[in-house]
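J.: File my_file.pdb follows (PDB, C-alpha atoms and all ligand atoms):
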```
ATOM      1  CA  MET A   8       0.000   0.000   0.000
ATOM      2  CA  ASN A   9       3.036   2.226   0.350
ATOM      3  CA  GLU A  10       4.306   1.784  -3.153
ATOM      4  CA  LYS A  11       4.081   5.513  -3.839
ATOM      5  CA  ILE A  12       6.399   6.438  -0.980
ATOM      6  CA  ALA A  13       8.925   3.620  -1.155
ATOM      7  CA  PRO A  14      12.289   4.297  -2.786
ATOM      8  CA  LYS A  15      13.039   3.195  -6.300
ATOM      9  CA  TYR A  16      15.974   0.856  -6.602
ATOM     10  CA  ASP A  17      18.391   0.715  -9.528
ATOM     11  CA  GLU A  18      20.211  -2.588  -9.521
ATOM     12  CA  GLN A  19      22.691  -1.332 -12.119
ATOM     13  CA  LEU A  20      23.928   1.430  -9.817
ATOM     14  CA  CYS A  21      24.002  -0.611  -6.621
ATOM     15  CA  MET A  22      27.453  -1.452  -5.220
ATOM     16  CA  GLN A  23      25.984  -4.029  -2.857
ATOM     17  CA  CYS A  24      27.471  -2.344   0.196
ATOM     18  CA  GLN A  25      24.306  -3.090   2.192
ATOM     19  CA  ALA A  26      24.541   0.200   4.078
ATOM     20  CA  CYS A  27      20.878   0.847   3.360
ATOM     21  CA  VAL A  28      19.828  -2.402   4.998
ATOM     22  CA  GLY A  29      21.330  -1.289   8.297
ATOM     23  CA  VAL A  30      20.026   2.272   8.212
ATOM     24  CA  CYS A  31      16.367   1.531   7.506
ATOM     25  CA  PRO A  32      14.401   2.026  10.740
ATOM     26  CA  GLN A  33      11.624  -0.235   9.475
ATOM     27  CA  GLN A  34      13.754  -3.183   8.367
ATOM     28  CA  ALA A  35      12.113  -2.724   5.004
ATOM     29  CA  LEU A  36      15.274  -3.463   3.035
ATOM     30  CA  SER A  37      16.751  -6.903   2.484
ATOM     31  CA  PHE A  38      19.742  -8.118   0.527
ATOM     32  CA  LEU A  39      18.694 -11.110  -1.549
ATOM     33  CA  ASP A  40      20.387 -12.668  -4.562
ATOM     34  CA  ASP A  41      22.929  -9.832  -4.804
ATOM     35  CA  LYS A  42      20.347  -7.090  -4.853
ATOM     36  CA  ILE A  43      18.227  -5.019  -2.545
ATOM     37  CA  VAL A  44      14.567  -5.845  -2.096
ATOM     38  CA  VAL A  45      12.248  -3.128  -0.778
ATOM     39  CA  ASP A  46       9.296  -4.271   1.320
ATOM     40  CA  GLU A  47       6.793  -1.604   0.378
ATOM     41  CA  ASN A  48       4.464  -2.632   3.166
ATOM     42  CA  LYS A  49       7.087  -1.839   5.810
ATOM     43  CA  CYS A  50       8.538   1.303   4.238
ATOM     44  CA  VAL A  51       7.376   4.602   5.733
ATOM     45  CA  GLY A  52       9.071   6.751   3.114
ATOM     46  CA  CYS A  53      11.549   8.374   5.490
ATOM     47  CA  GLY A  54      14.212   8.657   2.816
ATOM     48  CA  MET A  55      17.109   7.633   5.022
ATOM     49  CA  CYS A  56      18.209   4.845   2.720
ATOM     50  CA  ALA A  57      18.300   7.152  -0.279
ATOM     51  CA  SER A  58      20.219   9.784   1.644
ATOM     52  CA  ILE A  59      22.995   7.424   2.704
ATOM     53  CA  CYS A  60      23.284   5.308  -0.442
ATOM     54  CA  PRO A  61      26.741   6.066  -1.852
ATOM     55  CA  ALA A  62      25.748   4.955  -5.328
ATOM     56  CA  LYS A  63      22.406   6.782  -5.550
ATOM     57  CA  ALA A  64      20.864   3.424  -6.332
ATOM     58  CA  LEU A  65      17.924   4.275  -4.070
ATOM     59  CA  THR A  66      15.896   7.357  -4.911
ATOM     60  CA  MET A  67      12.703   8.628  -3.375
ATOM     61  CA  PRO A  68       9.644   9.291  -5.544
ATOM     62  CA  GLU A  69       8.641  12.917  -6.093
TER      63      GLU A  69
HETATM   64  S1  LIG B   1      23.267   1.599   0.136
HETATM   65 FE1  LIG B   1      22.957   1.809  -2.083
HETATM   66  S2  LIG B   1      24.760   0.853  -3.009
HETATM   67 FE2  LIG B   1      24.631   0.132  -0.881
HETATM   68  S3  LIG B   1      23.464  -1.813  -0.995
HETATM   69 FE3  LIG B   1      22.011  -0.134  -0.569
HETATM   70  S4  LIG B   1      21.237   0.455  -2.609
HETATM   71 FE4  LIG B   1      23.130  -0.691  -2.934
HETATM   72  S1  LIG B   2      12.520   5.182   2.854
HETATM   73 FE1  LIG B   2      12.985   4.782   5.051
HETATM   74  S2  LIG B   2      11.550   3.175   5.620
HETATM   75 FE2  LIG B   2      11.603   3.196   3.395
HETATM   76  S3  LIG B   2      13.148   1.667   2.829
HETATM   77 FE3  LIG B   2      14.193   3.676   2.956
HETATM   78  S4  LIG B   2      15.004   3.823   5.044
HETATM   79 FE4  LIG B   2      13.473   2.168   5.001
END
```
As structure tokens, how would this structure be written, given the file I've shared?
T.:
Amino acid sequence: MNEKIAPKYDEQLCMQCQACVGVCPQQALSFLDDKIVVDENKCVGCGMCASICPAKALTMPE
């Protein structure tokens, strides 16, 4: 239900550092099969993951 506020993820940009997994206060991010999976039902759209991602692989919707 939160698909409009969850970050977009670009697998091509991701460096697989997993920093976003640790910073998400909702545990909405998982690292599975060498990529990040966003649980849109847990995400509250805080933007923390996008702000710390060194590769800008996570971006918040407008
Ligand atoms: S912080 Fe960015 S580069 Fe690192 S695993 Fe998450 S999406 Fe990928
Ligand atoms: S926007 Fe916030 S709640 Fe949603 S995945 Fe990123 S850090 Fe987690």
J.: Go ahead and fit an axis-aligned box to every listed atom of range 38-57 of chain A plus 5 Å each side, and pass me the centre and edge lengths in Å, one decimal, as lines of an AutoDock Vina configuration file.
T.:
```
center_x = 13.7
center_y = -2.0
center_z = 0.5
size_x = 28.5
size_y = 31.3
size_z = 20.7
```
J.: Using all atoms listed in the file for the distances, tell me which of A:Pro32, A:Ser37, A:Cys56, A:Pro61 is nearest to Lys15 in chain A.
T.: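 Going through A:Pro32, A:Ser37, A:Cys56, A:Pro61 one by one, the smallest distance to Lys15 in chain A is for A:Cys56.
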J.: Determine the nearest neighbour of Cys31 in chain A from the options A:Met55, A:Asn48, A:Lys11, A:Glu18, counting all atoms listed in the file.
T.: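 Nearest to Cys31 in chain A: A:Met55.
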J.: Val30 in chain A: which residues within 12 Å, counting only C-alpha atoms, same-chain residues fewer than 4 positions away excluded, as a ChimeraX atom specification?
T.: /A:24-26,34-37,53-60
J.: Written as a PDB file with C-alpha atoms, in the coordinates of the input, which residues does the PyMOL selection byres (((chain A and resi 51) around 8) and not hetatm) give for the file shown?
T.:
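Result file part.pdb:
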```
ATOM      1  CA  ASN A   9       3.036   2.226   0.350  1.00  0.00           C
ATOM      2  CA  ILE A  12       6.399   6.438  -0.980  1.00  0.00           C
ATOM      3  CA  ALA A  13       8.925   3.620  -1.155  1.00  0.00           C
ATOM      4  CA  GLN A  33      11.624  -0.235   9.475  1.00  0.00           C
ATOM      5  CA  LYS A  49       7.087  -1.839   5.810  1.00  0.00           C
ATOM      6  CA  CYS A  50       8.538   1.303   4.238  1.00  0.00           C
ATOM      7  CA  GLY A  52       9.071   6.751   3.114  1.00  0.00           C
ATOM      8  CA  CYS A  53      11.549   8.374   5.490  1.00  0.00           C
TER       9      CYS A  53
END
```
J.: Smallest atom-to-atom distance to ligand LIG 1 (chain B): which of A:Ala62, A:Pro68, A:Val45, A:Leu39, using only C-alpha atoms and all ligand atoms?
T.: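 Using only C-alpha atoms and all ligand atoms, ligand LIG 1 (chain B) sits closest to A:Ala62.
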J.: I'd like to know which of A:Asp17, A:Glu47, A:Asp40, A:Glu69 is closest to ligand LIG 1 (chain B), using only C-alpha atoms and all ligand atoms.
T.: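 For ligand LIG 1 (chain B), the nearest of the given residues is A:Asp17.
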J.: Which residues, protein or nucleic acid, reach to within 7 Å of (18.3, 2.6, -8.9) in the file's coordinates when using only C-alpha atoms, and can you give that as a PyMOL selection string?
T.: chain A and resi 15-21+63-66
J.: With C-alpha atoms retained, could you export that selection as an mmCIF file, keeping the file's coordinate frame?
T.:
```
data_model
loop_
_atom_site.group_PDB
_atom_site.id
_atom_site.type_symbol
_atom_site.label_atom_id
_atom_site.label_comp_id
_atom_site.auth_asym_id
_atom_site.auth_seq_id
_atom_site.Cartn_x
_atom_site.Cartn_y
_atom_site.Cartn_z
ATOM 1 C CA LYS A 15 13.039 3.195 -6.300
ATOM 2 C CA TYR A 16 15.974 0.856 -6.602
ATOM 3 C CA ASP A 17 18.391 0.715 -9.528
ATOM 4 C CA GLU A 18 20.211 -2.588 -9.521
ATOM 5 C CA GLN A 19 22.691 -1.332 -12.119
ATOM 6 C CA LEU A 20 23.928 1.430 -9.817
ATOM 7 C CA CYS A 21 24.002 -0.611 -6.621
ATOM 8 C CA LYS A 63 22.406 6.782 -5.550
ATOM 9 C CA ALA A 64 20.864 3.424 -6.332
ATOM 10 C CA LEU A 65 17.924 4.275 -4.070
ATOM 11 C CA THR A 66 15.896 7.357 -4.911
#
```
J.: To one decimal in Å, tell me the separation between CA of Lys42 in chain A and atom S4 of ligand LIG 1 (chain B).
T.: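 Calculated distance between CA of Lys42 in chain A and atom S4 of ligand LIG 1 (chain B) is 7.9 Å.
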J.: I'd like the interatomic distance between CA of Asp41 in chain A and atom S3 of ligand LIG 2 (chain B), to a tenth of an Å.
T.: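 Here the two named atoms are 16.9 Å from each other.
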J.: For atom S1 of ligand LIG 2 (chain B) and CA of Gln23 in chain A, determine how far apart the two atoms are, in Å to one decimal place.
T.: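 About the pair atom S1 of ligand LIG 2 (chain B) and CA of Gln23 in chain A: they are 17.3 Å apart.
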